[in-house]
file target.txt (compact mmCIF, N, CA and C atoms)
# COMPACT_ATOMS: atom_id res chain seq x y z
N MET J 24 17.72 16.63 11.30
CA MET J 24 16.30 16.34 11.39
C MET J 24 15.87 16.44 12.84
N LYS J 25 14.66 16.93 13.07
CA LYS J 25 14.17 17.10 14.42
C LYS J 25 13.96 15.76 15.10
N GLN J 26 13.97 15.81 16.43
CA GLN J 26 13.70 14.60 17.20
C GLN J 26 12.25 14.21 17.03
N PHE J 27 11.94 12.96 17.19
CA PHE J 27 10.56 12.54 17.10
C PHE J 27 10.11 11.93 18.41
N THR J 28 8.82 11.79 18.59
CA THR J 28 8.24 11.33 19.85
C THR J 28 8.61 9.87 20.11
N PRO J 29 8.51 9.45 21.38
CA PRO J 29 8.75 8.03 21.67
C PRO J 29 7.83 7.12 20.86
N GLU J 30 6.58 7.54 20.66
CA GLU J 30 5.66 6.74 19.86
C GLU J 30 6.13 6.67 18.40
N GLY J 31 6.59 7.80 17.88
CA GLY J 31 7.12 7.83 16.51
C GLY J 31 8.37 6.98 16.37
N GLN J 32 9.21 7.02 17.41
CA GLN J 32 10.42 6.20 17.41
C GLN J 32 10.05 4.72 17.32
N GLU J 33 9.12 4.32 18.17
CA GLU J 33 8.74 2.90 18.21
C GLU J 33 8.07 2.48 16.90
N GLN J 34 7.24 3.34 16.33
CA GLN J 34 6.60 3.02 15.05
C GLN J 34 7.63 2.87 13.94
N SER J 35 8.63 3.74 13.93
CA SER J 35 9.67 3.67 12.90
C SER J 35 10.52 2.41 13.05
N ILE J 36 10.88 2.11 14.28
CA ILE J 36 11.67 0.89 14.53
C ILE J 36 10.85 -0.34 14.17
N GLU J 37 9.56 -0.33 14.52
CA GLU J 37 8.70 -1.46 14.18
C GLU J 37 8.52 -1.60 12.67
N ALA J 38 8.50 -0.49 11.96
CA ALA J 38 8.41 -0.55 10.49
C ALA J 38 9.62 -1.28 9.93
N PHE J 39 10.80 -0.98 10.46
CA PHE J 39 12.00 -1.68 10.00
C PHE J 39 11.98 -3.14 10.41
N ARG J 40 11.52 -3.43 11.61
CA ARG J 40 11.44 -4.83 12.05
C ARG J 40 10.52 -5.63 11.13
N SER J 41 9.43 -5.02 10.74
CA SER J 41 8.48 -5.67 9.84
C SER J 41 9.14 -5.96 8.49
N VAL J 42 9.85 -4.98 7.96
CA VAL J 42 10.55 -5.17 6.68
C VAL J 42 11.56 -6.30 6.81
N ILE J 43 12.28 -6.33 7.91
CA ILE J 43 13.30 -7.35 8.13
C ILE J 43 12.65 -8.74 8.21
N ARG J 44 11.58 -8.87 9.00
CA ARG J 44 10.89 -10.17 9.12
C ARG J 44 10.39 -10.65 7.76
N LYS J 45 9.71 -9.77 7.05
CA LYS J 45 9.15 -10.16 5.75
C LYS J 45 10.25 -10.52 4.76
N SER J 46 11.34 -9.78 4.79
CA SER J 46 12.45 -10.05 3.88
C SER J 46 13.11 -11.38 4.21
N GLU J 47 13.31 -11.64 5.49
CA GLU J 47 13.93 -12.92 5.89
C GLU J 47 13.04 -14.10 5.48
N ASN J 48 11.74 -13.96 5.68
CA ASN J 48 10.82 -15.04 5.29
C ASN J 48 10.83 -15.26 3.78
N ALA J 49 10.81 -14.18 3.02
CA ALA J 49 10.84 -14.30 1.56
C ALA J 49 12.16 -14.90 1.09
N LEU J 50 13.24 -14.46 1.70
CA LEU J 50 14.58 -14.94 1.32
C LEU J 50 14.71 -16.45 1.56
N ALA J 51 14.10 -16.93 2.62
CA ALA J 51 14.17 -18.36 2.94
C ALA J 51 13.50 -19.21 1.86
N ARG J 52 12.58 -18.63 1.12
CA ARG J 52 11.86 -19.38 0.08
C ARG J 52 12.44 -19.16 -1.31
N MET J 53 13.47 -18.36 -1.43
CA MET J 53 14.02 -18.03 -2.74
C MET J 53 15.25 -18.87 -3.07
N LYS J 54 15.48 -19.01 -4.36
CA LYS J 54 16.65 -19.73 -4.84
C LYS J 54 17.88 -18.82 -4.70
N PRO J 55 18.94 -19.31 -4.05
CA PRO J 55 20.14 -18.49 -3.88
C PRO J 55 20.80 -18.14 -5.21
N GLY J 56 21.42 -16.97 -5.26
CA GLY J 56 22.21 -16.58 -6.41
C GLY J 56 21.45 -15.91 -7.54
N THR J 57 20.14 -15.76 -7.40
CA THR J 57 19.37 -15.10 -8.46
C THR J 57 19.42 -13.59 -8.26
N LEU J 58 19.05 -12.86 -9.29
CA LEU J 58 19.02 -11.40 -9.19
C LEU J 58 18.06 -10.94 -8.11
N GLN J 59 16.88 -11.60 -8.03
CA GLN J 59 15.90 -11.23 -7.03
C GLN J 59 16.43 -11.48 -5.61
N THR J 60 17.12 -12.58 -5.44
CA THR J 60 17.69 -12.91 -4.13
C THR J 60 18.75 -11.88 -3.75
N ASN J 61 19.61 -11.54 -4.70
CA ASN J 61 20.66 -10.56 -4.43
C ASN J 61 20.06 -9.20 -4.07
N LEU J 62 19.01 -8.79 -4.77
CA LEU J 62 18.35 -7.52 -4.49
C LEU J 62 17.73 -7.54 -3.10
N LEU J 63 17.06 -8.63 -2.76
CA LEU J 63 16.43 -8.74 -1.46
C LEU J 63 17.47 -8.76 -0.34
N GLU J 64 18.59 -9.42 -0.56
CA GLU J 64 19.65 -9.43 0.44
C GLU J 64 20.20 -8.02 0.67
N LYS J 65 20.33 -7.26 -0.40
CA LYS J 65 20.81 -5.89 -0.30
C LYS J 65 19.81 -5.03 0.48
N ARG J 66 18.53 -5.21 0.20
CA ARG J 66 17.49 -4.46 0.91
C ARG J 66 17.41 -4.87 2.37
N LEU J 67 17.59 -6.15 2.64
CA LEU J 67 17.57 -6.65 4.00
C LEU J 67 18.72 -6.05 4.81
N LYS J 68 19.88 -6.01 4.22
CA LYS J 68 21.04 -5.42 4.90
C LYS J 68 20.78 -3.93 5.17
N ALA J 69 20.21 -3.23 4.22
CA ALA J 69 19.89 -1.81 4.40
C ALA J 69 18.86 -1.62 5.51
N ALA J 70 17.88 -2.50 5.58
CA ALA J 70 16.86 -2.41 6.63
C ALA J 70 17.48 -2.62 8.00
N ARG J 71 18.41 -3.55 8.09
CA ARG J 71 19.09 -3.79 9.38
C ARG J 71 19.91 -2.58 9.80
N VAL J 72 20.61 -1.97 8.85
CA VAL J 72 21.38 -0.76 9.16
C VAL J 72 20.41 0.38 9.53
N GLY J 73 19.29 0.47 8.82
CA GLY J 73 18.29 1.49 9.14
C GLY J 73 17.77 1.34 10.55
N GLU J 74 17.44 0.12 10.94
CA GLU J 74 16.98 -0.12 12.31
C GLU J 74 18.09 0.24 13.31
N ASP J 75 19.31 -0.17 13.00
CA ASP J 75 20.43 0.12 13.89
C ASP J 75 20.64 1.62 14.08
N VAL J 76 20.54 2.39 12.99
CA VAL J 76 20.76 3.83 13.11
C VAL J 76 19.65 4.48 13.93
N LEU J 77 18.42 3.99 13.80
CA LEU J 77 17.34 4.52 14.62
C LEU J 77 17.57 4.21 16.09
N HIS J 78 17.95 2.97 16.40
CA HIS J 78 18.25 2.60 17.78
C HIS J 78 19.40 3.45 18.33
N ALA J 79 20.46 3.56 17.56
CA ALA J 79 21.63 4.32 18.01
C ALA J 79 21.27 5.78 18.29
N ARG J 80 20.52 6.39 17.40
CA ARG J 80 20.14 7.79 17.57
C ARG J 80 19.21 7.97 18.76
N CYS J 81 18.25 7.07 18.91
CA CYS J 81 17.28 7.17 20.01
C CYS J 81 17.94 6.97 21.38
N GLU J 82 18.92 6.10 21.41
CA GLU J 82 19.57 5.76 22.67
C GLU J 82 20.85 6.56 22.90
N GLY J 83 21.24 7.37 21.92
CA GLY J 83 22.44 8.18 22.05
C GLY J 83 23.72 7.38 21.96
N ASN J 84 23.67 6.25 21.30
CA ASN J 84 24.85 5.39 21.15
C ASN J 84 25.54 5.64 19.82
N LYS J 85 26.77 5.15 19.74
CA LYS J 85 27.50 5.23 18.48
C LYS J 85 27.07 4.07 17.58
N LEU J 86 26.93 4.36 16.31
CA LEU J 86 26.53 3.35 15.34
C LEU J 86 27.73 2.50 14.97
N ASP J 87 27.56 1.18 15.01
CA ASP J 87 28.65 0.25 14.71
C ASP J 87 28.49 -0.27 13.28
N ALA J 88 28.94 0.55 12.31
CA ALA J 88 28.87 0.15 10.90
C ALA J 88 29.97 0.90 10.14
N SER J 89 30.45 0.29 9.08
CA SER J 89 31.48 0.93 8.27
C SER J 89 30.88 2.03 7.41
N GLN J 90 31.72 2.90 6.93
CA GLN J 90 31.28 3.98 6.04
C GLN J 90 30.62 3.40 4.78
N GLU J 91 31.18 2.32 4.25
CA GLU J 91 30.63 1.69 3.05
C GLU J 91 29.23 1.15 3.31
N GLU J 92 29.03 0.53 4.48
CA GLU J 92 27.71 0.00 4.83
C GLU J 92 26.69 1.13 4.96
N LEU J 93 27.11 2.24 5.55
CA LEU J 93 26.21 3.38 5.72
C LEU J 93 25.80 3.96 4.38
N VAL J 94 26.77 4.14 3.50
CA VAL J 94 26.49 4.70 2.17
C VAL J 94 25.57 3.77 1.39
N ALA J 95 25.86 2.47 1.41
CA ALA J 95 25.04 1.50 0.68
C ALA J 95 23.62 1.47 1.22
N ALA J 96 23.47 1.49 2.54
CA ALA J 96 22.13 1.46 3.14
C ALA J 96 21.35 2.72 2.78
N LYS J 97 22.00 3.86 2.81
CA LYS J 97 21.33 5.12 2.47
C LYS J 97 20.85 5.09 1.03
N GLU J 98 21.68 4.60 0.13
CA GLU J 98 21.29 4.52 -1.29
C GLU J 98 20.09 3.59 -1.49
N VAL J 99 20.10 2.46 -0.83
CA VAL J 99 18.99 1.51 -0.96
C VAL J 99 17.70 2.12 -0.40
N LEU J 100 17.79 2.72 0.78
CA LEU J 100 16.59 3.32 1.39
C LEU J 100 16.04 4.45 0.54
N GLU J 101 16.92 5.26 -0.02
CA GLU J 101 16.46 6.35 -0.88
C GLU J 101 15.80 5.81 -2.15
N GLY J 102 16.32 4.71 -2.67
CA GLY J 102 15.70 4.07 -3.83
C GLY J 102 14.32 3.53 -3.50
N LEU J 103 14.18 2.94 -2.32
CA LEU J 103 12.88 2.44 -1.89
C LEU J 103 11.90 3.58 -1.67
N LEU J 104 12.40 4.71 -1.19
CA LEU J 104 11.54 5.88 -0.99
C LEU J 104 10.95 6.39 -2.30
N LEU J 105 11.64 6.15 -3.38
CA LEU J 105 11.10 6.54 -4.69
C LEU J 105 9.96 5.63 -5.13
N MET J 106 9.99 4.37 -4.66
CA MET J 106 8.99 3.39 -5.07
C MET J 106 7.74 3.41 -4.19
N LEU J 107 7.89 3.70 -2.92
CA LEU J 107 6.78 3.57 -1.99
C LEU J 107 5.57 4.45 -2.30
N PRO J 108 5.74 5.68 -2.78
CA PRO J 108 4.55 6.49 -3.09
C PRO J 108 3.62 5.83 -4.11
N SER J 109 4.16 5.07 -5.04
CA SER J 109 3.29 4.40 -6.03
C SER J 109 2.42 3.34 -5.34
N PHE J 110 2.93 2.70 -4.30
CA PHE J 110 2.13 1.75 -3.54
C PHE J 110 1.06 2.47 -2.73
N LEU J 111 1.43 3.63 -2.22
CA LEU J 111 0.51 4.44 -1.42
C LEU J 111 -0.70 4.86 -2.24
N GLU J 112 -0.46 5.20 -3.50
CA GLU J 112 -1.55 5.63 -4.39
C GLU J 112 -2.59 4.54 -4.60
N LYS J 113 -2.20 3.29 -4.44
CA LYS J 113 -3.10 2.17 -4.70
C LYS J 113 -3.94 1.79 -3.48
N THR J 114 -3.73 2.46 -2.35
CA THR J 114 -4.45 2.12 -1.13
C THR J 114 -5.59 3.10 -0.87
N LYS J 115 -6.54 2.65 -0.09
CA LYS J 115 -7.68 3.48 0.27
C LYS J 115 -7.32 4.35 1.47
N PRO J 116 -7.74 5.62 1.44
CA PRO J 116 -7.51 6.48 2.60
C PRO J 116 -8.10 5.86 3.87
N GLY J 117 -7.32 5.89 4.93
CA GLY J 117 -7.78 5.35 6.21
C GLY J 117 -7.58 3.86 6.38
N SER J 118 -7.13 3.17 5.35
CA SER J 118 -6.95 1.72 5.45
C SER J 118 -5.68 1.40 6.25
N GLY J 119 -5.67 0.21 6.80
CA GLY J 119 -4.49 -0.23 7.55
C GLY J 119 -3.26 -0.32 6.67
N GLN J 120 -3.45 -0.74 5.44
CA GLN J 120 -2.33 -0.84 4.50
C GLN J 120 -1.72 0.53 4.23
N ARG J 121 -2.58 1.54 4.09
CA ARG J 121 -2.09 2.90 3.84
C ARG J 121 -1.27 3.41 5.04
N THR J 122 -1.81 3.18 6.24
CA THR J 122 -1.09 3.58 7.45
C THR J 122 0.26 2.90 7.53
N TYR J 123 0.28 1.62 7.21
CA TYR J 123 1.52 0.84 7.23
C TYR J 123 2.56 1.43 6.26
N ILE J 124 2.12 1.76 5.05
CA ILE J 124 3.04 2.32 4.05
C ILE J 124 3.49 3.71 4.47
N GLU J 125 2.59 4.51 5.02
CA GLU J 125 2.96 5.86 5.49
C GLU J 125 4.01 5.78 6.59
N ARG J 126 3.85 4.84 7.50
CA ARG J 126 4.84 4.67 8.58
C ARG J 126 6.18 4.20 8.03
N ARG J 127 6.12 3.33 7.04
CA ARG J 127 7.35 2.85 6.43
C ARG J 127 8.08 4.00 5.73
N ILE J 128 7.34 4.84 5.02
CA ILE J 128 7.93 5.99 4.34
C ILE J 128 8.60 6.91 5.36
N LYS J 129 7.89 7.21 6.44
CA LYS J 129 8.43 8.08 7.48
C LYS J 129 9.70 7.48 8.09
N ALA J 130 9.66 6.19 8.39
CA ALA J 130 10.82 5.51 8.98
C ALA J 130 12.02 5.56 8.04
N PHE J 131 11.79 5.30 6.75
CA PHE J 131 12.87 5.33 5.78
C PHE J 131 13.44 6.74 5.63
N GLN J 132 12.57 7.75 5.65
CA GLN J 132 13.04 9.14 5.54
C GLN J 132 13.91 9.51 6.73
N ILE J 133 13.46 9.14 7.92
CA ILE J 133 14.22 9.46 9.13
C ILE J 133 15.56 8.74 9.12
N ALA J 134 15.54 7.45 8.80
CA ALA J 134 16.78 6.67 8.78
C ALA J 134 17.75 7.21 7.72
N ALA J 135 17.25 7.56 6.55
CA ALA J 135 18.12 8.11 5.50
C ALA J 135 18.74 9.43 5.95
N SER J 136 17.96 10.24 6.65
CA SER J 136 18.48 11.51 7.17
C SER J 136 19.57 11.26 8.21
N TYR J 137 19.31 10.33 9.12
CA TYR J 137 20.30 9.99 10.14
C TYR J 137 21.55 9.39 9.51
N LEU J 138 21.37 8.55 8.50
CA LEU J 138 22.52 7.97 7.80
C LEU J 138 23.34 9.07 7.13
N ASP J 139 22.66 10.04 6.56
CA ASP J 139 23.35 11.17 5.93
C ASP J 139 24.21 11.90 6.97
N ASP J 140 23.64 12.10 8.18
CA ASP J 140 24.40 12.73 9.26
C ASP J 140 25.63 11.90 9.63
N GLU J 141 25.45 10.59 9.70
CA GLU J 141 26.55 9.69 10.07
C GLU J 141 27.65 9.68 9.01
N ILE J 142 27.24 9.75 7.74
CA ILE J 142 28.21 9.72 6.64
C ILE J 142 29.03 11.00 6.61
N ASN J 143 28.36 12.11 6.87
CA ASN J 143 29.04 13.42 6.86
C ASN J 143 29.49 13.74 8.24

call {"tool": "encode", "arguments": {"input": "target.txt", "output": "structure tokens"}}
result
Amino acid sequence: MKQFTPEGQEQSIEAFRSVIRKSENALARMKPGTLQTNLLEKRLKAARVGEDVLHARCEGNKLDASQEELVAAKEVLEGLLLMLPSFLEKTKPGSGQRTYIERRIKAFQIAASYLDDEIN
């Protein structure tokens, strides 16, 4: 995948940070051991790996994650990428929510591509 601008890098990293913050807040209010909690924990872990891979790629560092973690994160992000367009359809063109979802989609696509590179 082609390199992206410093502004694009920061927007993608911030998209992951936002997902992480929201997930951590939601997780704190959930009952442990439920299916929803387990799903959110899996997504949170994938978001952290996604942010890490973006940082590593932008800074030229080696990613510190196991092959299993990379594969699992890529699968989760790709699954989320299938869901996000349906949310996008429900937003108004030019709205802040639409921009937020578009940035999240772009960030997930970039991270999934980078994860694919790391796996192979």

call {"tool": "closest_residue", "arguments": {"input": "target.txt", "among": "J:Glu98, J:Glu64, J:Glu33, J:Asp139", "to": "Cys81 of chain J", "atoms": "only C-alpha atoms"}}
result
J:Glu33

call {"tool": "closest_residue", "arguments": {"input": "target.txt", "among": "J:Leu100, J:Leu138, J:Glu125, J:Glu37", "to": "Val76 of chain J", "atoms": "only N, CA and C atoms"}}
result
J:Leu138

call {"tool": "atom_distance", "arguments": {"input": "target.txt", "atom1": "atom CA of Arg44 of chain J", "atom2": "atom C of Lys68 of chain J"}}
result
12.3 Å

call {"tool": "atom_distance", "arguments": {"input": "target.txt", "atom1": "atom C of Thr122 of chain J", "atom2": "atom N of Asn48 of chain J"}}
result
20.5 Å

call {"tool": "residues_around", "arguments": {"input": "target.txt", "residues": "Ile142 of chain J", "least_positions_apart": "3", "cutoff": "10 Å", "atoms": "only C-alpha atoms", "output": "list of chain:residue names"}}
result
J:Ser89, J:Gln90, J:Glu91, J:Glu92, J:Leu93, J:Val94, J:Lys97, J:Ser136, J:Tyr137, J:Leu138, J:Asp139

call {"tool": "residues_around", "arguments": {"input": "target.txt", "residues": "Met53 of chain J", "least_positions_apart": "6", "cutoff": "10 Å", "atoms": "only C-alpha atoms", "output": "list in words"}}
result
Gln59, Thr60 and Leu63 of chain J

call {"tool": "atom_distance", "arguments": {"input": "target.txt", "atom1": "atom CA of Lys45 of chain J", "atom2": "atom CA of Arg66 of chain J"}}
result
11.2 Å

call {"tool": "closest_residue", "arguments": {"input": "target.txt", "among": "J:Glu30, J:Ala134, J:Leu103, J:Glu141", "to": "Asp87 of chain J", "atoms": "only C-alpha atoms"}}
result
J:Glu141

call {"tool": "closest_residue", "arguments": {"input": "target.txt", "among": "J:Gln132, J:Thr28, J:Ser35, J:Gln120", "to": "His78 of chain J", "atoms": "only C-alpha atoms"}}
result
J:Ser35

call {"tool": "residues_around", "arguments": {"input": "target.txt", "residues": "Ile43 of chain J", "least_positions_apart": "4", "cutoff": "7 Å", "atoms": "all atoms listed in the file", "output": "list of chain:residue names"}}
result
J:Ala38, J:Phe39, J:Glu47, J:Asn48, J:Leu67, J:Ala70, J:Arg71

call {"tool": "select_by_dssp", "arguments": {"input": "target.txt", "residues": "segment 72-132 of chain J", "states": "helix (DSSP H, G or I)", "output": "PyMOL selection string"}}
result
chain J and resi 72-82+90-112+119-132

call {"tool": "closest_residue", "arguments": {"input": "target.txt", "among": "J:Arg80, J:Arg126, J:Lys65, J:Lys54", "to": "Asp140 of chain J", "atoms": "only C-alpha atoms"}}
result
J:Arg80

call {"tool": "closest_residue", "arguments": {"input": "target.txt", "among": "J:Arg121, J:Gly83, J:Arg127, J:Pro116", "to": "Leu104 of chain J", "atoms": "all atoms listed in the file"}}
result
J:Arg127
